[in-house]
file structure10.txt (compact mmCIF, C-alpha atoms)
# COMPACT_ATOMS: atom_id res chain seq x y z
CA MET A 1 -6.00 -14.77 -37.52
CA GLY A 2 -5.51 -15.10 -33.77
CA LEU A 3 -4.54 -18.35 -32.09
CA THR A 4 -7.92 -18.65 -30.36
CA ALA A 5 -10.03 -17.60 -33.36
CA THR A 6 -12.74 -20.05 -34.42
CA LYS A 7 -11.61 -19.68 -38.03
CA VAL A 8 -8.17 -21.01 -37.09
CA VAL A 9 -9.65 -24.04 -35.37
CA MET A 10 -12.02 -24.76 -38.26
CA LEU A 11 -9.20 -24.34 -40.80
CA SER A 12 -7.01 -26.79 -38.87
CA VAL A 13 -9.85 -29.34 -38.85
CA LEU A 14 -10.39 -28.85 -42.58
CA VAL A 15 -6.66 -29.32 -43.29
CA ALA A 16 -6.61 -32.50 -41.17
CA VAL A 17 -9.60 -33.94 -43.07
CA LEU A 18 -8.09 -33.08 -46.45
CA LEU A 19 -4.72 -34.61 -45.51
CA PHE A 20 -6.46 -37.76 -44.29
CA ALA A 21 -8.36 -37.99 -47.59
CA ALA A 22 -5.13 -37.41 -49.52
CA THR A 23 -3.41 -40.19 -47.55
CA VAL A 24 -6.19 -42.65 -48.40
CA TRP A 25 -6.06 -41.62 -52.08
CA LEU A 26 -2.23 -41.87 -52.35
CA TRP A 27 -1.86 -45.11 -50.38
CA PRO A 28 -2.17 -47.51 -53.36
CA ARG A 29 0.59 -45.58 -55.16
CA LEU A 30 2.86 -45.96 -52.13
CA ALA A 31 2.26 -49.70 -51.74
CA GLY A 32 5.54 -50.82 -53.25
CA GLY A 33 8.62 -52.02 -51.40
CA SER A 34 11.02 -49.38 -52.71
CA ILE A 35 12.70 -46.93 -50.37
CA ARG A 36 10.77 -44.10 -51.99
CA ALA A 37 7.44 -45.86 -51.36
CA VAL A 38 8.33 -46.65 -47.73
CA LEU A 39 9.44 -43.07 -47.07
CA GLY A 40 6.26 -41.85 -48.76
CA ARG A 41 4.07 -43.93 -46.46
CA ILE A 42 5.98 -42.76 -43.40
CA GLY A 43 5.75 -39.13 -44.53
CA THR A 44 2.03 -39.17 -45.25
CA LEU A 45 1.26 -40.86 -41.91
CA LEU A 46 3.37 -38.35 -39.96
CA ILE A 47 1.85 -35.35 -41.72
CA CYS A 48 -1.66 -36.73 -41.26
CA GLN A 49 -1.13 -37.38 -37.53
CA LEU A 50 0.52 -34.01 -36.96
CA SER A 51 -2.44 -32.25 -38.56
CA ILE A 52 -4.86 -34.16 -36.31
CA PHE A 53 -2.83 -33.35 -33.18
CA ALA A 54 -2.66 -29.68 -34.24
CA ALA A 55 -6.44 -29.51 -34.70
CA ILE A 56 -7.08 -31.15 -31.32
CA GLY A 57 -4.52 -28.88 -29.66
CA LEU A 58 -6.01 -25.72 -31.13
CA TYR A 59 -9.51 -26.75 -30.07
CA ALA A 60 -8.33 -27.58 -26.54
CA ASN A 61 -6.50 -24.25 -26.31
CA GLN A 62 -9.59 -22.35 -27.46
CA SER A 63 -11.74 -24.20 -24.92
CA PHE A 64 -9.46 -23.79 -21.91
CA GLY A 65 -7.38 -20.72 -22.78
CA PHE A 66 -3.86 -22.04 -22.13
CA TYR A 67 -2.29 -19.58 -24.60
CA GLY A 68 -3.84 -16.28 -25.65
CA SER A 69 -1.85 -15.53 -28.81
CA TRP A 70 0.74 -16.93 -31.23
CA ALA A 71 3.39 -14.86 -29.44
CA ASP A 72 2.33 -16.38 -26.14
CA LEU A 73 2.51 -19.90 -27.61
CA PHE A 74 5.98 -19.48 -29.12
CA GLY A 75 7.37 -17.40 -26.25
CA THR A 76 8.06 -14.36 -28.42
CA GLU A 77 5.99 -11.87 -26.40
CA THR A 78 8.43 -9.03 -25.66
CA THR A 79 6.14 -6.42 -24.10
CA PRO A 80 8.07 -5.05 -21.12
CA GLY A 81 6.67 -5.26 -17.62
CA VAL A 82 5.27 -2.22 -15.85
CA VAL A 83 6.70 -1.02 -12.56
CA VAL A 84 3.98 -0.60 -9.94
CA ASP A 85 4.23 1.80 -7.01
CA HIS A 86 2.20 0.33 -4.17
CA ASP A 87 1.92 3.58 -2.25
CA SER A 88 0.06 5.33 -5.07
CA PRO A 89 -3.39 6.87 -4.48
CA ALA A 90 -6.42 5.06 -5.90
CA SER A 91 -6.48 7.29 -8.97
CA LYS A 92 -2.99 6.07 -9.95
CA ARG A 93 -3.33 2.36 -9.18
CA VAL A 94 -4.50 1.66 -12.72
CA GLN A 95 -2.03 2.05 -15.56
CA VAL A 96 -3.33 1.82 -19.12
CA VAL A 97 -0.63 0.14 -21.21
CA GLY A 98 -2.58 -0.22 -24.46
CA THR A 99 -6.00 -0.32 -26.10
CA LYS A 100 -7.87 -2.89 -28.19
CA ARG A 101 -10.65 -2.51 -30.70
CA ILE A 102 -13.84 -4.48 -30.27
CA SER A 103 -14.87 -6.73 -33.13
CA VAL A 104 -18.14 -4.90 -33.80
CA ALA A 105 -19.28 -2.44 -36.45
CA ASN A 106 -17.48 0.94 -36.50
CA ALA A 107 -14.76 -0.43 -34.25
CA ASN A 108 -12.62 2.67 -34.80
CA ASN A 109 -15.18 4.96 -33.16
CA PRO A 110 -15.38 4.55 -29.34
CA ARG A 111 -18.66 6.49 -29.25
CA VAL A 112 -20.22 3.72 -31.34
CA ALA A 113 -18.21 0.61 -30.48
CA GLY A 114 -16.74 1.38 -27.08
CA ARG A 115 -13.13 0.58 -26.22
CA ILE A 116 -11.05 -2.00 -24.41
CA ASP A 117 -8.17 -0.76 -22.26
CA LYS A 118 -5.30 -3.08 -21.42
CA ILE A 119 -4.31 -2.28 -17.86
CA THR A 120 -2.04 -3.15 -14.99
CA LEU A 121 -3.81 -2.88 -11.66
CA GLN A 122 -1.99 -2.64 -8.37
CA GLY A 123 -3.45 -3.64 -5.03
CA PRO A 124 -1.69 -2.16 -2.02
CA LYS A 125 -3.77 -4.00 0.58
CA ALA A 126 -3.08 -7.41 -0.95
CA ASP A 127 0.37 -6.43 -2.23
CA ILE A 128 -0.56 -7.85 -5.63
CA ALA A 129 -0.28 -6.37 -9.12
CA SER A 130 -2.04 -8.04 -12.01
CA PRO A 131 -2.88 -7.29 -15.67
CA GLY A 132 -6.37 -7.14 -17.08
CA TYR A 133 -8.68 -5.52 -19.61
CA VAL A 134 -11.44 -2.96 -19.09
CA TYR A 135 -14.34 -2.74 -21.52
CA LEU A 136 -15.82 0.75 -21.71
CA PRO A 137 -19.25 0.90 -23.43
CA PRO A 138 -19.95 3.48 -26.17
CA GLU A 139 -21.95 5.64 -23.75
CA TYR A 140 -18.78 6.19 -21.71
CA PHE A 141 -17.48 8.38 -24.56
CA GLN A 142 -20.69 10.13 -25.55
CA PRO A 143 -21.08 13.80 -24.51
CA GLU A 144 -24.47 13.33 -22.88
CA TYR A 145 -22.94 10.80 -20.48
CA ALA A 146 -19.82 12.85 -19.71
CA LYS A 147 -20.72 13.23 -16.03
CA LYS A 148 -22.35 9.84 -15.58
CA ARG A 149 -20.83 7.04 -13.53
CA PHE A 150 -21.52 3.49 -14.67
CA PRO A 151 -22.19 0.16 -12.96
CA ALA A 152 -19.37 -2.36 -13.24
CA ALA A 153 -18.81 -6.09 -13.24
CA LEU A 154 -15.66 -8.03 -12.46
CA VAL A 155 -15.33 -10.84 -15.04
CA LEU A 156 -13.09 -13.79 -14.15
CA THR A 157 -11.68 -16.68 -16.15
CA GLY A 158 -11.27 -20.18 -14.83
CA TYR A 159 -7.93 -21.77 -13.94
CA PRO A 160 -5.41 -21.44 -15.49
CA GLY A 161 -7.12 -19.32 -18.13
CA THR A 162 -5.98 -16.24 -20.00
CA THR A 163 -7.63 -12.86 -19.80
CA GLU A 164 -7.64 -12.66 -23.60
CA ALA A 165 -9.97 -15.66 -23.65
CA LEU A 166 -12.69 -13.49 -22.11
CA ILE A 167 -12.50 -11.29 -25.21
CA ASN A 168 -11.60 -13.67 -28.04
CA GLY A 169 -13.22 -16.90 -26.85
CA LEU A 170 -16.10 -15.95 -24.58
CA LYS A 171 -16.70 -12.55 -26.20
CA TYR A 172 -17.90 -10.70 -23.12
CA PRO A 173 -17.44 -7.17 -24.58
CA GLN A 174 -19.11 -8.07 -27.86
CA THR A 175 -22.06 -9.64 -26.05
CA ALA A 176 -22.45 -6.70 -23.65
CA HIS A 177 -22.33 -4.30 -26.61
CA LYS A 178 -25.04 -6.26 -28.46
CA LEU A 179 -27.32 -6.56 -25.43
CA ALA A 180 -27.09 -2.83 -24.70
CA ARG A 181 -27.92 -2.01 -28.33
CA GLN A 182 -31.00 -4.24 -28.02
CA ASP A 183 -32.02 -2.52 -24.74
CA LYS A 184 -31.70 -5.84 -22.91
CA MET A 185 -28.92 -4.63 -20.63
CA GLN A 186 -27.82 -1.30 -19.27
CA PRO A 187 -24.36 -0.05 -20.31
CA MET A 188 -21.76 -1.53 -17.95
CA VAL A 189 -18.03 -1.37 -17.51
CA LEU A 190 -16.47 -4.86 -17.54
CA VAL A 191 -13.23 -5.45 -15.64
CA MET A 192 -11.81 -8.64 -17.13
CA MET A 193 -9.11 -10.50 -15.19
CA ARG A 194 -7.79 -13.97 -14.44
CA PRO A 195 -7.97 -15.17 -10.82
CA THR A 196 -4.48 -16.68 -11.17
CA VAL A 197 -2.64 -13.71 -9.69
CA ALA A 198 0.25 -15.82 -8.39
CA PRO A 199 0.94 -18.22 -11.28
CA PRO A 200 1.21 -21.12 -11.52
CA ARG A 201 -0.64 -21.52 -8.22
CA ASP A 202 -4.41 -21.78 -8.19
CA THR A 203 -5.43 -19.80 -5.11
CA GLU A 204 -9.21 -20.18 -5.66
CA CYS A 205 -9.55 -16.49 -4.73
CA MET A 206 -8.42 -17.25 -1.18
CA ASP A 207 -6.51 -15.13 1.27
CA VAL A 208 -4.01 -17.95 1.68
CA PRO A 209 -2.37 -18.06 5.13
CA LYS A 210 1.20 -16.80 4.61
CA GLY A 211 0.46 -16.70 0.89
CA PRO A 212 -1.26 -14.58 -1.81
CA GLN A 213 -4.11 -12.45 -0.50
CA THR A 214 -6.24 -12.96 -3.61
CA GLU A 215 -9.63 -12.42 -1.97
CA THR A 216 -8.56 -9.06 -0.57
CA PHE A 217 -7.21 -8.09 -3.98
CA PHE A 218 -10.49 -8.73 -5.80
CA THR A 219 -12.93 -7.55 -3.14
CA GLU A 220 -11.08 -4.42 -1.97
CA ASP A 221 -8.20 -3.40 -4.21
CA VAL A 222 -9.82 -3.94 -7.61
CA PRO A 223 -13.10 -2.02 -7.01
CA SER A 224 -11.22 0.78 -5.26
CA ALA A 225 -8.64 1.17 -8.03
CA ILE A 226 -11.16 0.95 -10.88
CA SER A 227 -13.58 3.44 -9.32
CA GLY A 228 -10.64 5.75 -8.62
CA TYR A 229 -9.59 5.76 -12.27
CA TYR A 230 -12.78 5.19 -14.29
CA ARG A 231 -16.25 6.67 -13.90
CA VAL A 232 -17.84 3.70 -12.14
CA GLY A 233 -19.79 3.40 -8.91
CA THR A 234 -18.14 2.89 -5.56
CA GLU A 235 -20.84 0.97 -3.68
CA ALA A 236 -21.70 -2.72 -3.64
CA ARG A 237 -25.01 -2.11 -5.38
CA ASN A 238 -23.03 -0.73 -8.35
CA TRP A 239 -20.85 -3.86 -8.67
CA GLY A 240 -21.40 -7.43 -9.81
CA VAL A 241 -19.04 -10.33 -10.46
CA ILE A 242 -19.23 -13.18 -12.96
CA GLY A 243 -16.95 -16.08 -13.82
CA ASN A 244 -16.74 -19.57 -15.26
CA SER A 245 -15.50 -22.77 -13.59
CA SER A 246 -13.15 -21.81 -10.73
CA GLY A 247 -13.89 -18.19 -11.64
CA GLY A 248 -17.56 -18.98 -11.05
CA TYR A 249 -16.76 -20.34 -7.61
CA CYS A 250 -14.76 -17.17 -6.94
CA ALA A 251 -17.67 -14.99 -8.04
CA LEU A 252 -20.23 -16.70 -5.80
CA LYS A 253 -17.91 -16.94 -2.84
CA MET A 254 -16.77 -13.32 -2.93
CA ALA A 255 -20.33 -12.03 -3.15
CA MET A 256 -21.47 -14.29 -0.30
CA ARG A 257 -18.50 -13.43 1.90
CA HIS A 258 -18.29 -9.75 0.91
CA PRO A 259 -21.76 -8.32 0.22
CA ASP A 260 -20.16 -4.94 0.95
CA ALA A 261 -18.18 -5.35 -2.29
CA PHE A 262 -20.59 -7.08 -4.72
CA SER A 263 -24.38 -7.15 -4.75
CA ALA A 264 -24.77 -9.80 -7.45
CA ALA A 265 -22.76 -12.78 -8.67
CA ALA A 266 -23.10 -15.27 -11.52
CA GLY A 267 -21.23 -18.57 -11.49
CA LEU A 268 -21.05 -20.43 -14.80
CA SER A 269 -20.40 -24.12 -14.12
CA PRO A 270 -18.99 -23.34 -10.68
CA HIS A 271 -17.79 -25.69 -8.01
CA TYR A 272 -18.88 -24.99 -4.46
CA LYS A 273 -15.76 -25.63 -2.45
CA ALA A 274 -12.06 -25.16 -3.11
CA PRO A 275 -10.16 -28.24 -4.30
CA ASN A 276 -7.01 -29.51 -2.65
CA ASP A 277 -4.59 -30.71 -5.31
CA ALA A 278 -1.20 -30.11 -6.88
CA THR A 279 -2.28 -26.81 -8.40
CA THR A 280 -3.65 -25.33 -5.16
CA GLY A 281 -1.40 -26.69 -2.46
CA ASP A 282 -2.66 -26.20 1.08
CA LEU A 283 -4.96 -23.19 0.84
CA PHE A 284 -6.11 -23.30 4.45
CA GLY A 285 -2.94 -23.84 6.45
CA GLY A 286 -4.54 -26.82 8.18
CA ASP A 287 -7.37 -24.62 9.52
CA GLU A 288 -10.60 -26.66 9.23
CA ARG A 289 -12.75 -23.66 10.16
CA LEU A 290 -11.25 -21.63 7.30
CA GLU A 291 -11.92 -24.51 4.92
CA LYS A 292 -15.58 -24.60 5.98
CA GLU A 293 -15.89 -20.82 5.63
CA ASN A 294 -14.97 -21.20 1.95
CA ASN A 295 -17.43 -24.04 1.35
CA LEU A 296 -20.53 -22.43 -0.17
CA HIS A 297 -22.93 -25.17 0.94
CA TRP A 298 -21.63 -24.87 4.49
CA ARG A 299 -22.10 -21.11 4.39
CA LEU A 300 -25.76 -21.45 3.42
CA ASP A 301 -26.29 -23.80 6.36
CA HIS A 302 -24.27 -22.03 9.04
CA ARG A 303 -23.84 -18.33 8.21
CA PRO A 304 -26.39 -15.50 8.03
CA ALA A 305 -27.82 -15.19 4.53
CA PRO A 306 -26.11 -12.28 2.75
CA PRO A 307 -28.19 -9.63 0.94
CA VAL A 308 -27.00 -10.61 -2.55
CA SER A 309 -28.44 -12.01 -5.76
CA LEU A 310 -26.85 -15.23 -7.04
CA LEU A 311 -27.08 -17.01 -10.38
CA VAL A 312 -25.73 -20.52 -11.01
CA THR A 313 -25.56 -22.53 -14.22
CA SER A 314 -25.15 -26.20 -15.03
CA SER A 315 -26.43 -28.85 -17.42
CA LYS A 316 -28.26 -32.12 -16.83
CA LYS A 317 -25.83 -33.97 -19.08
CA GLY A 318 -22.16 -33.07 -19.40
CA GLU A 319 -21.48 -31.16 -16.18
CA LYS A 320 -20.14 -32.84 -13.06
CA ASN A 321 -21.55 -30.09 -10.84
CA TYR A 322 -25.22 -30.70 -11.68
CA LYS A 323 -26.18 -32.41 -8.39
CA ALA A 324 -24.19 -29.93 -6.31
CA THR A 325 -25.82 -27.05 -8.19
CA MET A 326 -29.34 -28.35 -7.60
CA LYS A 327 -28.51 -28.84 -3.93
CA PHE A 328 -27.23 -25.25 -3.73
CA ILE A 329 -30.39 -23.93 -5.40
CA LYS A 330 -32.60 -25.90 -3.01
CA LYS A 331 -30.83 -24.51 0.05
CA ALA A 332 -30.92 -20.93 -1.25
CA LYS A 333 -34.63 -21.23 -2.12
CA ALA A 334 -35.35 -22.43 1.41
CA LEU A 335 -33.60 -19.37 2.82
CA ASN A 336 -35.60 -17.13 0.53
CA ALA A 337 -38.84 -18.81 1.56
CA ARG A 338 -38.03 -17.93 5.17
CA GLY A 339 -37.67 -14.27 4.22
CA GLU A 340 -33.86 -14.22 4.14
CA PRO A 341 -32.29 -11.61 1.81
CA THR A 342 -30.37 -14.00 -0.46
CA ARG A 343 -31.93 -14.32 -3.93
CA ILE A 344 -31.19 -17.29 -6.20
CA SER A 345 -31.61 -17.74 -9.97
CA SER A 346 -30.43 -20.53 -12.23
CA MET A 347 -29.84 -21.52 -15.84
CA ILE A 348 -29.92 -25.29 -16.37
CA LEU A 349 -29.22 -26.65 -19.85
CA ASP A 350 -30.34 -30.06 -21.03
CA SER A 351 -26.79 -30.84 -22.13
CA GLY A 352 -23.47 -29.07 -22.29
CA GLY A 353 -19.92 -29.85 -21.25
CA HIS A 354 -17.43 -27.90 -19.20
CA ASN A 355 -16.20 -25.81 -22.13
CA PHE A 356 -16.36 -22.52 -24.02
CA ASN A 357 -19.19 -23.69 -26.26
CA THR A 358 -21.44 -24.21 -23.25
CA TRP A 359 -20.48 -20.93 -21.59
CA ASN A 360 -21.07 -19.00 -24.81
CA ARG A 361 -24.65 -20.28 -24.70
CA GLU A 362 -25.03 -18.91 -21.18
CA ILE A 363 -23.18 -15.59 -21.16
CA ALA A 364 -25.84 -13.46 -22.87
CA GLY A 365 -28.52 -14.52 -20.41
CA CYS A 366 -26.18 -14.15 -17.45
CA LEU A 367 -25.07 -10.66 -18.48
CA GLU A 368 -28.68 -9.60 -19.00
CA TRP A 369 -29.49 -10.96 -15.53
CA LEU A 370 -26.48 -9.23 -13.99
CA GLY A 371 -27.30 -5.93 -15.67
CA GLY A 372 -30.74 -6.07 -14.06
CA ARG A 373 -29.34 -6.68 -10.57
CA VAL A 374 -26.70 -3.94 -10.27
CA GLU A 375 -27.61 -0.28 -10.11
CA ALA A 376 -26.16 2.66 -11.99
CA PRO A 377 -24.88 5.31 -9.55
CA LYS A 378 -27.26 8.22 -9.06
call {"tool": "encode", "arguments": {"input": "structure10.txt", "output": "structure tokens"}}
result
Amino acid sequence: MGLTATKVVMLSVLVAVLLFAATVWLWPRLAGGSIRAVLGRIGTLLICQLSIFAAIGLYANQSFGFYGSWADLFGTETTPGVVVDHDSPASKRVQVVGTKRISVANANNPRVAGRIDKITLQGPKADIASPGYVYLPPEYFQPEYAKKRFPAALVLTGYPGTTEALINGLKYPQTAHKLARQDKMQPMVLVMMRPTVAPPRDTECMDVPKGPQTETFFTEDVPSAISGYYRVGTEARNWGVIGNSSGGYCALKMAMRHPDAFSAAAGLSPHYKAPNDATTGDLFGGDERLEKENNLHWRLDHRPAPPVSLLVTSSKKGEKNYKATMKFIKKAKALNARGEPTRISSMILDSGGHNFNTWNREIAGCLEWLGGRVEAPK
């Protein structure tokens, strides 16, 4: 079982409960003053506490995606890096380094289950290379769709996040597969990546002055490389972007700032301006104008409304962004009422924290919404 699997977390909780119960049951037998009894009490307490810490740690890792696998946790991952040539044409900027099965029925048959490609994607404009996964729906492999190009969505984690969490924890491919089978969503290619392209720094998808050009990478290099390698559309109306937490901020910001790249964006529990802390450093180089340009509330007030569809999520209890989200919705609705081209939708839960459990309640609806806003190429 994988490190982030729910079964692993539940098993660790069960073990912790059983060890706690065993400690309570054995305690009277270890009440004596002998060395054996003292060592027994110390041993049972240590084992009990270690099991509780392990359960909490596994749950936290599943929620926030610090480590994607046991090999990642113990530092035994030995997969060699891939050399990237930055002068390659678009058709060669994607290198497939492996494939993954999807945890659905008939997983061995791509025509029924689809396929996940593990890739390395190079971006010559941003001078960035980053790994990711590409989910290809079953239709991609079916003969009747052999000449069809598909709509695509860029799917982003939060910070620090792991790309594997989008598959194992948030289950984007499995959800997209299910929705398409239920005719609730058109078949889409999902390009799953983490926005942390210059770890450990959190760039908030910024073109950082004298630093990583993350925004250029995701808005120019990624769509160009993917459409040059896979059968996906090349125009903004064929592309959407979705993300959670800082990835949600990235999604909204990139669609608002680059409607020529993405026509729709969904932000799950997003913030609306980039933080300034130890993980980000100075993202703006002291430029106050650049800081305002990346503040989504400021953009609604001071920049022309972009022709994009936006979806934001929050919860009345449990999310710190609730007030900011309602303010964002109000501003976007006012623009729409004046005939501006920005469209706003929302999903507000009664309660839900900033975690995977909440986002798993939102992803199906958000993917269905996104699938209805992007167009399949003609």
call {"tool": "closest_residue", "arguments": {"input": "structure10.txt", "among": "A:Gln186, A:Thr162, A:Thr279, A:Asn244", "to": "Arg201 in chain A", "atoms": "all atoms listed in the file"}}
result
A:Thr279
call {"tool": "closest_residue", "arguments": {"input": "structure10.txt", "among": "A:Leu367, A:Leu30, A:Val312, A:Leu290", "to": "His177 in chain A", "atoms": "all atoms listed in the file"}}
result
A:Leu367
call {"tool": "atom_distance", "arguments": {"input": "structure10.txt", "atom1": "CA of Ala198 in chain A", "atom2": "CA of His354 in chain A"}}
result
24.0 Å
call {"tool": "residues_around", "arguments": {"input": "structure10.txt", "residues": "Leu300 in chain A", "least_positions_apart": "5", "cutoff": "9 Å", "atoms": "all atoms listed in the file", "output": "NGL selection string"}}
result
:A and (295 or 305 or 328 or 331-332 or 335)
call {"tool": "residues_around", "arguments": {"input": "structure10.txt", "residues": "Met347 in chain A", "least_positions_apart": "5", "cutoff": "9 Å", "atoms": "all atoms listed in the file", "output": "tab-separated table (two decimals) with C-alpha atoms, keeping the file's coordinate frame"}}
result
chain	number	residue	atom	x	y	z
A	268	LEU	CA	-21.05	-20.43	-14.80
A	311	LEU	CA	-27.08	-17.01	-10.38
A	312	VAL	CA	-25.73	-20.52	-11.01
A	313	THR	CA	-25.56	-22.53	-14.22
A	314	SER	CA	-25.15	-26.20	-15.03
A	315	SER	CA	-26.43	-28.85	-17.42
A	362	GLU	CA	-25.03	-18.91	-21.18
A	365	GLY	CA	-28.52	-14.52	-20.41
A	366	CYS	CA	-26.18	-14.15	-17.45
call {"tool": "atom_distance", "arguments": {"input": "structure10.txt", "atom1": "CA of Ala265 in chain A", "atom2": "CA of Thr219 in chain A"}}
result
12.4 Å
call {"tool": "residues_near_point", "arguments": {"input": "structure10.txt", "point": "(-6.1, -20.1, -14.1)", "cutoff": "7 Å", "atoms": "only C-alpha atoms", "output": "compact mmCIF listing (two decimals) with C-alpha atoms, in the coordinates of the input"}}
result
# COMPACT_ATOMS: atom_id res chain seq x y z
CA THR A 157 -11.68 -16.68 -16.15
CA GLY A 158 -11.27 -20.18 -14.83
CA TYR A 159 -7.93 -21.77 -13.94
CA PRO A 160 -5.41 -21.44 -15.49
CA GLY A 161 -7.12 -19.32 -18.13
CA ARG A 194 -7.79 -13.97 -14.44
CA PRO A 195 -7.97 -15.17 -10.82
CA THR A 196 -4.48 -16.68 -11.17
CA ASP A 202 -4.41 -21.78 -8.19
call {"tool": "closest_residue", "arguments": {"input": "structure10.txt", "among": "A:Ile242, A:Leu166, A:Ala54, A:Leu296", "to": "Val15 in chain A", "atoms": "only C-alpha atoms"}}
result
A:Ala54
call {"tool": "atom_distance", "arguments": {"input": "structure10.txt", "atom1": "CA of Arg111 in chain A", "atom2": "CA of Pro137 in chain A"}}
result
8.1 Å
call {"tool": "closest_atom_pairs", "arguments": {"input": "structure10.txt", "of": "range 203-276 of chain A", "to": "range 94-99 of chain A", "cutoff": "8 Å", "atoms": "all atoms listed in the file", "output": "tab-separated table"}}
result
residue	atom	partner	partner_atom	distance
A:Ala225	CA	A:Val94	CA	6.3
A:Ile226	CA	A:Val94	CA	6.9
A:Tyr229	CA	A:Val94	CA	6.6
call {"tool": "closest_residue", "arguments": {"input": "structure10.txt", "among": "A:Glu204, A:Ser34, A:Thr163, A:Asn168", "to": "Asp277 in chain A", "atoms": "only C-alpha atoms"}}
result
A:Glu204
call {"tool": "residues_around", "arguments": {"input": "structure10.txt", "residues": "Val308 in chain A", "least_positions_apart": "5", "cutoff": "9 Å", "atoms": "all atoms listed in the file", "output": "mmCIF file with C-alpha atoms, in the coordinates of the input"}}
result
data_model
loop_
_atom_site.group_PDB
_atom_site.id
_atom_site.type_symbol
_atom_site.label_atom_id
_atom_site.label_comp_id
_atom_site.auth_asym_id
_atom_site.auth_seq_id
_atom_site.Cartn_x
_atom_site.Cartn_y
_atom_site.Cartn_z
ATOM 1 C CA ALA A 255 -20.330 -12.030 -3.150
ATOM 2 C CA MET A 256 -21.470 -14.290 -0.300
ATOM 3 C CA PRO A 259 -21.760 -8.320 0.220
ATOM 4 C CA PHE A 262 -20.590 -7.080 -4.720
ATOM 5 C CA SER A 263 -24.380 -7.150 -4.750
ATOM 6 C CA ALA A 264 -24.770 -9.800 -7.450
ATOM 7 C CA ALA A 265 -22.760 -12.780 -8.670
ATOM 8 C CA PRO A 341 -32.290 -11.610 1.810
ATOM 9 C CA THR A 342 -30.370 -14.000 -0.460
ATOM 10 C CA ARG A 343 -31.930 -14.320 -3.930
ATOM 11 C CA ILE A 344 -31.190 -17.290 -6.200
#
call {"tool": "closest_residue", "arguments": {"input": "structure10.txt", "among": "A:Asp260, A:Asp350, A:Asp207, A:Glu368", "to": "Lys317 in chain A", "atoms": "all atoms listed in the file"}}
result
A:Asp350
call {"tool": "residues_around", "arguments": {"input": "structure10.txt", "residues": "Leu154 in chain A", "least_positions_apart": "5", "cutoff": "10 Å", "atoms": "all atoms listed in the file", "output": "PyMOL selection string"}}
result
chain A and resi 134+189-193+218-219+222-223+239-243+251+262+265
call {"tool": "closest_residue", "arguments": {"input": "structure10.txt", "among": "A:Gly114, A:Ser227, A:Pro187, A:Pro307", "to": "Arg93 in chain A", "atoms": "only C-alpha atoms"}}
result
A:Ser227
call {"tool": "residues_around", "arguments": {"input": "structure10.txt", "residues": "range 143-147 of chain A", "least_positions_apart": "2", "cutoff": "12 Å", "atoms": "only C-alpha atoms", "output": "PDB file with C-alpha atoms, in the coordinates of the input"}}
result
ATOM      1  CA  PRO A 110     -15.380   4.550 -29.340  1.00  0.00           C
ATOM      2  CA  ARG A 111     -18.660   6.490 -29.250  1.00  0.00           C
ATOM      3  CA  PRO A 137     -19.250   0.900 -23.430  1.00  0.00           C
ATOM      4  CA  PRO A 138     -19.950   3.480 -26.170  1.00  0.00           C
ATOM      5  CA  GLU A 139     -21.950   5.640 -23.750  1.00  0.00           C
ATOM      6  CA  TYR A 140     -18.780   6.190 -21.710  1.00  0.00           C
ATOM      7  CA  PHE A 141     -17.480   8.380 -24.560  1.00  0.00           C
ATOM      8  CA  ARG A 149     -20.830   7.040 -13.530  1.00  0.00           C
ATOM      9  CA  PHE A 150     -21.520   3.490 -14.670  1.00  0.00           C
ATOM     10  CA  PRO A 187     -24.360  -0.050 -20.310  1.00  0.00           C
ATOM     11  CA  TYR A 230     -12.780   5.190 -14.290  1.00  0.00           C
ATOM     12  CA  ARG A 231     -16.250   6.670 -13.900  1.00  0.00           C
ATOM     13  CA  VAL A 232     -17.840   3.700 -12.140  1.00  0.00           C
ATOM     14  CA  PRO A 377     -24.880   5.310  -9.550  1.00  0.00           C
ATOM     15  CA  LYS A 378     -27.260   8.220  -9.060  1.00  0.00           C
TER      16      LYS A 378
END
call {"tool": "residues_near_point", "arguments": {"input": "structure10.txt", "point": "(-11.8, -21.7, 4.2)", "cutoff": "12 Å", "atoms": "all atoms listed in the file", "output": "PyMOL selection string"}}
result
chain A and resi 203-209+215+253+257+272-276+282-296+298-299
